[in-house]
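Chemist: Just dropping this structure here.
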Amino acid sequence: MKLRANLVIGGSLFALAIIVGLLAPWLAHTDPVMDANLMNAEEPPSWTWWFGTDGQGRDIYSRVLYGARVSLTVGIVSQLINSVIGVALGLSAGYFGGWWDDVVNALTNLMLAIPSLIFALAIMAVLGPGLTSLLIALGLTNWSFTCRLARASALSLRNQGYVQAATVLGYGDLRIMITQLLPNMLGPIVVIGTLGMGSAVLSEAALSFLGLGVRPPFPSWGSMLSEARDQITTAPWLSLFPGLAIFLTVLGLNLLGDGLRDILDPHSRSRRT
Amino acid sequence: MHEPQRKPDDDLILRVEDLAVHFPLGGGLFGRERRLLRAVDGVDLSLRRGECLGLVGESGSGKSTVALSILGLLKPTHGHIVVDGREVATDSQSADRKALARTVQIVFQDPYASLNPRQTVRRTLEDPLRVHGVAAKSEIEDRVATMLKHVGLRPEQADRYPHEFSGGQRQRIGIARALILNPKIVICDEPVSALDVSIRAQIINLLLELKDTLGLSYIMISHDLGVVEHMSDRVAVMYLGRIVENGDWREIFERPAHPYTQALIAAIPDPLRHAPLATTGGDLPNPLNPPNGCAFSPRCRYAEAVCRSEPGPVLETRPDGHAVRCWRSEEIAGQAALASSLSGHP
Amino acid sequence: MTGVPLVEVEDLRIDLDDGSRRVAAAEGISFRIDRGETFGLVGESGCGKSITALALIGLLRPPLSIGGGVIRFDGKEIQHLSAAGQRELRGNRIAMIFQEPMTALNPVSPVGRQIAEMFVLHKGKSWREANQLAVESLASVRVPAPERRVNDYPHQLSGGMRQRVMIAIALACGPDLLIADEPTTALDVTVQAEIIELMRNLCAERGTAILMISHDLGLVANVCRRVAVMYAGRIVEERGSADIFRAPSHPYTQGLVASLPRLGSRAALGRTRLKEIAGVVPAITGFPDGCRFNPRCAQATDICRTVAPHTDVLEAGGFVRCYHHA
């Protein structure tokens with residue numbers, strides 16, 4: 001099979017971000033929180049301080065490495081929550097139809113009508129800042145596209161012969177949904193999930209930027225940007241490196257999503273006829 | 001299904017009585033009348049043990065609707081379906097559903113769309129057994145291996161996915177899936193029309209073999225009259241939701257009594273003769289707006305005033321069991337016999 | 001009738017480029033169609049019958065392309081014609097109808113307009129004249145109430161009516177050749193009879209030749225004067241249509257004729273086991289060496305497995321491509 005460029009580049013960028021997050025304790029030069037030293041405050045990038053230091057003399061390089069942990073945890077976990085909610089609602093709505101479909105449709109339209117970041121903000125306001133609240137807030141507000149997709153797939157798949165055959169064989173509804181419908185709609189849902197992870201990383205950055213994310217002093221890319229905004233002209237490296245990390249991770253996830261779409265698309269797969 | 005009823009005729013494995021399936025269609029807005037699609041209207045059928053009943057008709061005739069009702073997938077508007085002595089109820093509990101699944105199964109037309117592309121053949125055959133409470137691993141494996149042998153597949157092919165098989169082999173898998181629960185009745189819904197011509201004979205022979213070795217009863221739905229004649233013991237012809245003729249296969253094909261049956265048979269091109277095809281005149285009528293009286297009257301060359309008057313003709317059974325829904329069948333039968341003796345059909 | 005045949009195909013080869021290599025999806029295709037003649041191409045899916053027709057009308061698109069051979073139409077070679085030349089030929093002199101008229105008709109344009117367009121494009125008529133001709137065309141394909149039907153959209157018509165409209169469009173400019181690719185496969189048998197008779201009568205009246213493509217040997221044998229049977233990209237037998245059913249010569253054709261349950265045969269002979277053709281239809285990428293039917297043929301010998309047979313001319317007319325033909 002031909003390897004596709006988006007898949008390779010996107011996958012590598014995403015893998016790199018994960019590896020960096022996992023290996024942060026070994027790759028980092030200093031402790032991201034404790035090693036503050038005002039003697040080294042606002043050093044520009046150099047051989048000693050690869051990405052420079054911040055106003056409290058902490059090593060930006062080390063903080064970006066540790067920041068990957070928060071950003072990726074939020075991206076992956078919140079999108080998983082979104083995918084599970086979206087698939088469960090969409091799949092059952094498309095399969096059963098009727099009043100349940102109407103309810104799910106109404107709910108989906110409601111979610112689409114409210115800007116998800118504003119909705120997440122409201123949830124954060126209730127729950128208070130912190131990683132758990134962040135996961136819940138982002139995990140509950142971005143499932144509408146997955147839901148739409150799962151519903152549409154279920155609608156077209158439920159008329160397939162093999163789904164009818166399963167009904168005739170006496171399978172229960174849950175079994176039909178899980179063994180017959182779900183495996184056949186997974187491709188596009190994984191693609192949407194990958195793209196959703198990218199947007200969750202961005203949302204985390206935005207919420208942390210607004211001070212609603214992970215509490216300082218523990219680093220996340222968003223909170224680092226937030227802290228750096230006053231020094232953007234005097235010490236641009238403070239915002240450059242976390243920004244670059246967000247940019248490359250989100251780019252990687254989007255390329256990965258595109259690449260997956262190419263190989264999972266049934267139209268591009270070779271079929272024996 | 002409810003508790004066993006008294007069996008009026010132990011020989012019958014399936015009885016369909018006065019079955020009607022109507023679909024309400026939209027259009028009730030602004031006082032317009034709500035429209036009703038009478039997909040099936042007053043159908044009586046019976047199937048004896050070990051028999052193959054051919055169900056013939058063109059698209060929109062309701063033959064698939066009848067099949068779906070027997071399988072419990074559609075709720076009849078009224079009428080009864082009694083399978084192996086028990087009445088099919090569609091609003092049934094899952095236990096009833098499962099009992100029906102062990103009695104009636106279906107082989108689908110399209111072997112490409114009817115197999116789950118993400119399941120191996122083994123999984124496709126093992127899952128139904130597990131759902132129906134077969135727990136012993138050895139029994140499951142035995143039954144799958146035996147079924148694969150029955151349909152002419154090798155045991156080592158069980159771990160492959162559907163896309164690794166040709167259309168004919170896929171249809172064998174579809175047949176194996178239909179038979180894995182040892183059903184008594186199999187509905188064959190155009191089982192060969194999606195297959196390559198050179199493969200069809202394999203599947204037809206296989207179906208007939210399995211019917212004898214496993215003691216099955218078939219309902220054979222097809223528009224290919226050659227296949228129906230080859231496979232069926234009795235044939236029912238449907239037109240616009242009703243049965244218009246029903247009888248022994250030889251009666252239907254040699255002495256068709258309904259003008260529609262005659263038209264169907266005459267429309268089949270004779271490959272040995274470079275002769276014009278017999279045409280019927282016009283397309284099928286709109287089932288939402290069926291003609292008055294006999295539904296075939298607008299296309300029928302024998303139609304007279306009586307054929308267009310309400311109510312339409314009833315299905316009248318002759319002493320020999322041949323049933324026809326036509327006001328003029330006796331006069332027509334005479335003319336048709338004359339015509340066929342003149343043309344010398346092969 | 002002049003001596004030049006209307007269509008002459010010689011040793012046509014159609015390549016399929018699957019990205020890494022070229023395979024011949026059809027090769028050694030030769031046949032001729034005379035003016036006003038009815039000729040049938042019969043075979044199973046993937047045998048190359050439809051792409052042969054597409055090559056004839058200049059509609060082959062990548063990954064398919066003409067890999068060699070000559071197509072002559074009315075004595076002129078057309079296989080390397082420019083796009084403009086092909087357009088001139090299409091519609092005007094060669095027309096085509098397809099299996100599914102719904103996809104071949106434009107869903108957002110009234111059918112009358114789609115017929116009228118042919119007169120405007122190819123005959124230089126004004127829209128006013130063309131619209132009048134469209135009504136006449138619909139009447140000629142026996143669409144009831146043509147003055148009203150011209151304003152209908154394709155989805156408002158039944159399958160049979162749509163195929164009538166397709167025929168009206170195809171015959172609008174009085175073509176010399178009508179290619180009908182499985183024209184009735186999507187239709188019910190009584191409607192099929194209507195459409196076949198309509199096509200046959202209209203073409204006979206106007207002297208239009210028909211190239212009919214189908215998997216249904218019985219139908220083609222009934223409609224056409226001569227029939228060529230294709231298997232795995234090659235023509236294996238070409239015969240007069242009555243002969244091919246009465247005395248098929250190639251083992252594949254024999255198998256096809258014997259394997260199909262024919263109406264009336266059970267009444268005459270009782271229910272006998274149908275003769276099966278063993279094995280499966282080969283995929284384009286896996287055509288066997290030698291005669292392509294050899295893995296499924298009971299009569300195959302060593303030479304069949306290595307060297308592809310040449311065509312043998314039969315005494316009774318026609319030809320066959322087999323070492324052991326009847």
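Numbering starts fresh at 1 for the residues of each chain in the structure tokens, the chains themselves are lettered A, B, ... in the order given, and ligands are numbered from 1 as they appear.
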Just want the 8 Å neighbourhood of Gln79 of chain C, counted on only C-alpha atoms, with same-chain residues fewer than 4 positions away dropped. Output as a VMD selection string.
Modeler: chain C and resid 55 to 56 58 66 70 to 72
Chemist: Suppose we keep N, CA and C atoms; can you now write the selection as a JSON list (two decimals), in the first residue's frame?
Modeler:
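So the final result, stored in part_37.json, reads:
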```
[["chain", "number", "residue", "atom", "x", "y", "z"],
["C", 55, "ALA", "N", -15.61, 2.31, -25.79],
["C", 55, "ALA", "CA", -14.52, 2.63, -26.72],
["C", 55, "ALA", "C", -15.09, 3.07, -28.06],
["C", 56, "LEU", "N", -16.16, 2.39, -28.47],
["C", 56, "LEU", "CA", -16.79, 2.69, -29.76],
["C", 56, "LEU", "C", -17.34, 4.12, -29.80],
["C", 58, "GLY", "N", -16.34, 6.52, -27.87],
["C", 58, "GLY", "CA", -15.32, 7.48, -27.44],
["C", 58, "GLY", "C", -15.51, 7.96, -26.02],
["C", 66, "ILE", "N", -7.69, 3.03, -24.91],
["C", 66, "ILE", "CA", -7.51, 2.12, -26.03],
["C", 66, "ILE", "C", -6.02, 1.81, -26.15],
["C", 70, "VAL", "N", -8.07, -1.06, -34.27],
["C", 70, "VAL", "CA", -8.71, -0.07, -35.15],
["C", 70, "VAL", "C", -10.22, -0.14, -34.95],
["C", 71, "ILE", "N", -10.86, 1.05, -34.87],
["C", 71, "ILE", "CA", -12.31, 1.11, -34.91],
["C", 71, "ILE", "C", -12.68, 1.95, -36.12],
["C", 72, "ARG", "N", -13.39, 1.38, -37.06],
["C", 72, "ARG", "CA", -13.85, 2.17, -38.21],
["C", 72, "ARG", "C", -15.34, 2.36, -38.12]]
```
Chemist: Only residues of chain C matter here; which ones have an atom within 7 Å of chain B, counting only C-alpha atoms? Give them as a PyMOL selection string.
Modeler: chain C and resi 44-45+160+188-191+193-194+197+218-219+221-223+242+245+256+259-264+266-267+271+273-277
Chemist: Write out as number ranges by chain each polymer residue whose atoms come within 12 Å of Pro117 of chain B, counting only C-alpha atoms; drop sequence neighbours fewer than 3 positions from it.
Modeler: A: 157, 160-163, 179-185, 266, 271; B: 111-114, 120-121, 123-124, 160-165, 170
Chemist: Kindly determine which residues of chain C lie within 10 Å of chain A, considering only C-alpha atoms, and give the answer as a PyMOL selection string.
Modeler: chain C and resi 45-46+281-284
Chemist: Identify, on the basis of only C-alpha atoms, every residue whose closest approach to Leu179 of chain B does not exceed 9 Å; exclude the query and any residue fewer than 5 positions from it along the same chain; express the result as JSON, numbers by chain.
Modeler: {"B": [105, 106, 147, 174, 184, 186]}
Chemist: Please produce a file of the residues just selected, as a PDB file, in the first residue's frame, where the atoms kept are C-alpha atoms.
Modeler:
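Just written: result.pdb:
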```pdb
ATOM      1  CA  GLN B 105     -35.007 -17.526   7.777  1.00  0.00           C
ATOM      2  CA  ILE B 106     -34.187 -15.633   4.596  1.00  0.00           C
ATOM      3  CA  MET B 147     -22.828 -26.049   7.720  1.00  0.00           C
ATOM      4  CA  GLY B 174     -25.556 -16.176   3.077  1.00  0.00           C
ATOM      5  CA  LYS B 184     -37.950 -25.090   8.816  1.00  0.00           C
ATOM      6  CA  VAL B 186     -36.436 -20.457   4.154  1.00  0.00           C
TER       7      VAL B 186
END
```
Chemist: Enumerate as an mmCIF file with C-alpha atoms, in the first residue's frame all residues of segment 120-234 of chain C assigned to helix (DSSP H, G or I) by DSSP on the backbone, naming them with the chain letters and numbers the document uses.
Modeler:
```cif
data_model
loop_
_atom_site.group_PDB
_atom_site.id
_atom_site.type_symbol
_atom_site.label_atom_id
_atom_site.label_comp_id
_atom_site.auth_asym_id
_atom_site.auth_seq_id
_atom_site.Cartn_x
_atom_site.Cartn_y
_atom_site.Cartn_z
ATOM 1 C CA VAL C 120 -30.591 22.476 -31.032
ATOM 2 C CA LEU C 121 -27.107 21.067 -30.528
ATOM 3 C CA HIS C 122 -26.859 18.695 -33.447
ATOM 4 C CA LYS C 123 -29.363 19.936 -36.005
ATOM 5 C CA TRP C 127 -35.619 26.198 -29.422
ATOM 6 C CA ARG C 128 -39.139 26.836 -30.696
ATOM 7 C CA GLU C 129 -38.844 24.243 -33.446
ATOM 8 C CA ALA C 130 -36.935 21.885 -31.175
ATOM 9 C CA ASN C 131 -39.652 21.937 -28.526
ATOM 10 C CA GLN C 132 -42.214 20.981 -31.143
ATOM 11 C CA LEU C 133 -39.961 18.152 -32.340
ATOM 12 C CA ALA C 134 -39.552 16.992 -28.725
ATOM 13 C CA VAL C 135 -43.314 16.496 -28.436
ATOM 14 C CA GLU C 136 -43.259 14.488 -31.668
ATOM 15 C CA SER C 137 -40.349 12.423 -30.364
ATOM 16 C CA LEU C 138 -42.191 11.584 -27.166
ATOM 17 C CA ALA C 139 -45.209 10.600 -29.190
ATOM 18 C CA SER C 140 -43.037 8.361 -31.358
ATOM 19 C CA PRO C 146 -46.719 13.916 -24.848
ATOM 20 C CA GLU C 147 -47.765 17.613 -24.796
ATOM 21 C CA ARG C 148 -48.061 17.402 -21.025
ATOM 22 C CA ARG C 149 -45.210 14.971 -20.433
ATOM 23 C CA PRO C 154 -37.399 12.507 -14.740
ATOM 24 C CA HIS C 155 -38.422 11.601 -11.176
ATOM 25 C CA GLN C 156 -42.089 12.074 -12.096
ATOM 26 C CA GLY C 159 -38.806 3.403 -14.952
ATOM 27 C CA GLY C 160 -40.327 2.308 -18.235
ATOM 28 C CA MET C 161 -41.323 5.879 -19.191
ATOM 29 C CA ARG C 162 -37.818 7.138 -18.397
ATOM 30 C CA GLN C 163 -36.301 4.519 -20.662
ATOM 31 C CA ARG C 164 -38.724 5.644 -23.389
ATOM 32 C CA VAL C 165 -37.468 9.189 -22.907
ATOM 33 C CA MET C 166 -33.891 7.923 -23.177
ATOM 34 C CA ILE C 167 -34.762 6.232 -26.440
ATOM 35 C CA ALA C 168 -36.396 9.430 -27.687
ATOM 36 C CA ILE C 169 -33.219 11.382 -26.880
ATOM 37 C CA ALA C 170 -31.007 8.726 -28.426
ATOM 38 C CA LEU C 171 -32.978 8.548 -31.670
ATOM 39 C CA VAL C 189 -40.392 -8.272 -17.563
ATOM 40 C CA THR C 190 -43.636 -6.914 -19.051
ATOM 41 C CA VAL C 191 -42.098 -3.443 -19.260
ATOM 42 C CA GLN C 192 -38.966 -4.959 -20.768
ATOM 43 C CA ALA C 193 -41.065 -6.439 -23.539
ATOM 44 C CA GLU C 194 -42.573 -2.994 -24.266
ATOM 45 C CA ILE C 195 -39.197 -1.284 -24.390
ATOM 46 C CA ILE C 196 -37.550 -3.971 -26.508
ATOM 47 C CA GLU C 197 -40.382 -3.921 -29.032
ATOM 48 C CA LEU C 198 -40.331 -0.130 -29.175
ATOM 49 C CA MET C 199 -36.575 -0.066 -29.740
ATOM 50 C CA ARG C 200 -36.736 -2.822 -32.311
ATOM 51 C CA ASN C 201 -39.578 -1.247 -34.286
ATOM 52 C CA LEU C 202 -38.210 2.302 -34.267
ATOM 53 C CA CYS C 203 -34.757 1.158 -35.364
ATOM 54 C CA ALA C 204 -36.184 -1.070 -38.079
ATOM 55 C CA GLU C 205 -38.293 1.852 -39.419
ATOM 56 C CA ARG C 206 -35.344 4.216 -39.533
ATOM 57 C CA LEU C 217 -28.232 -14.460 -23.700
ATOM 58 C CA GLY C 218 -31.877 -15.313 -24.255
ATOM 59 C CA LEU C 219 -32.917 -11.699 -24.686
ATOM 60 C CA VAL C 220 -30.028 -10.851 -26.995
ATOM 61 C CA ALA C 221 -30.588 -13.957 -29.098
ATOM 62 C CA ASN C 222 -34.203 -12.913 -29.508
ATOM 63 C CA VAL C 223 -33.451 -9.292 -30.422
#
```
Chemist: Rounded to one decimal place, report the atom CA of Leu81 of chain C-atom CA of Leu59 of chain C distance in Å.
Modeler: 11.6 Å
Chemist: Report, in Å to a single decimal, how far apart atom CA of Leu177 of chain C and atom CA of Arg87 of chain C are.
Modeler: 14.6 Å
Chemist: Pick the closest to chain A from B:Val306, B:Leu68, B:Val151, B:Val83: which is it, counting only C-alpha atoms?
Modeler: B:Leu68
Chemist: Please, which residues in chain B fall within 6 Å of chain A when counting only C-alpha atoms, and what is the closest atom pair and distance in Å to one decimal for each, ordered by chain then residue number, as CSV?
Modeler:
```
residue,atom,partner,partner_atom,distance
B:Arg97,CA,A:Gly170,CA,5.7
B:Lys98,CA,A:Gly170,CA,4.7
B:Ala101,CA,A:Leu169,CA,5.1
B:Ala113,CA,A:Gly161,CA,5.4
B:Ser114,CA,A:Gly161,CA,3.8
B:Leu115,CA,A:Tyr162,CA,4.9
B:Asn116,CA,A:Tyr162,CA,5.5
```
Chemist: Which is closest to Leu12 of chain B among B:Leu288, B:Ala39, B:Leu45, B:Met220, if we use only C-alpha atoms?
Modeler: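 Closest residue, counting only C-alpha atoms: B:Leu45.
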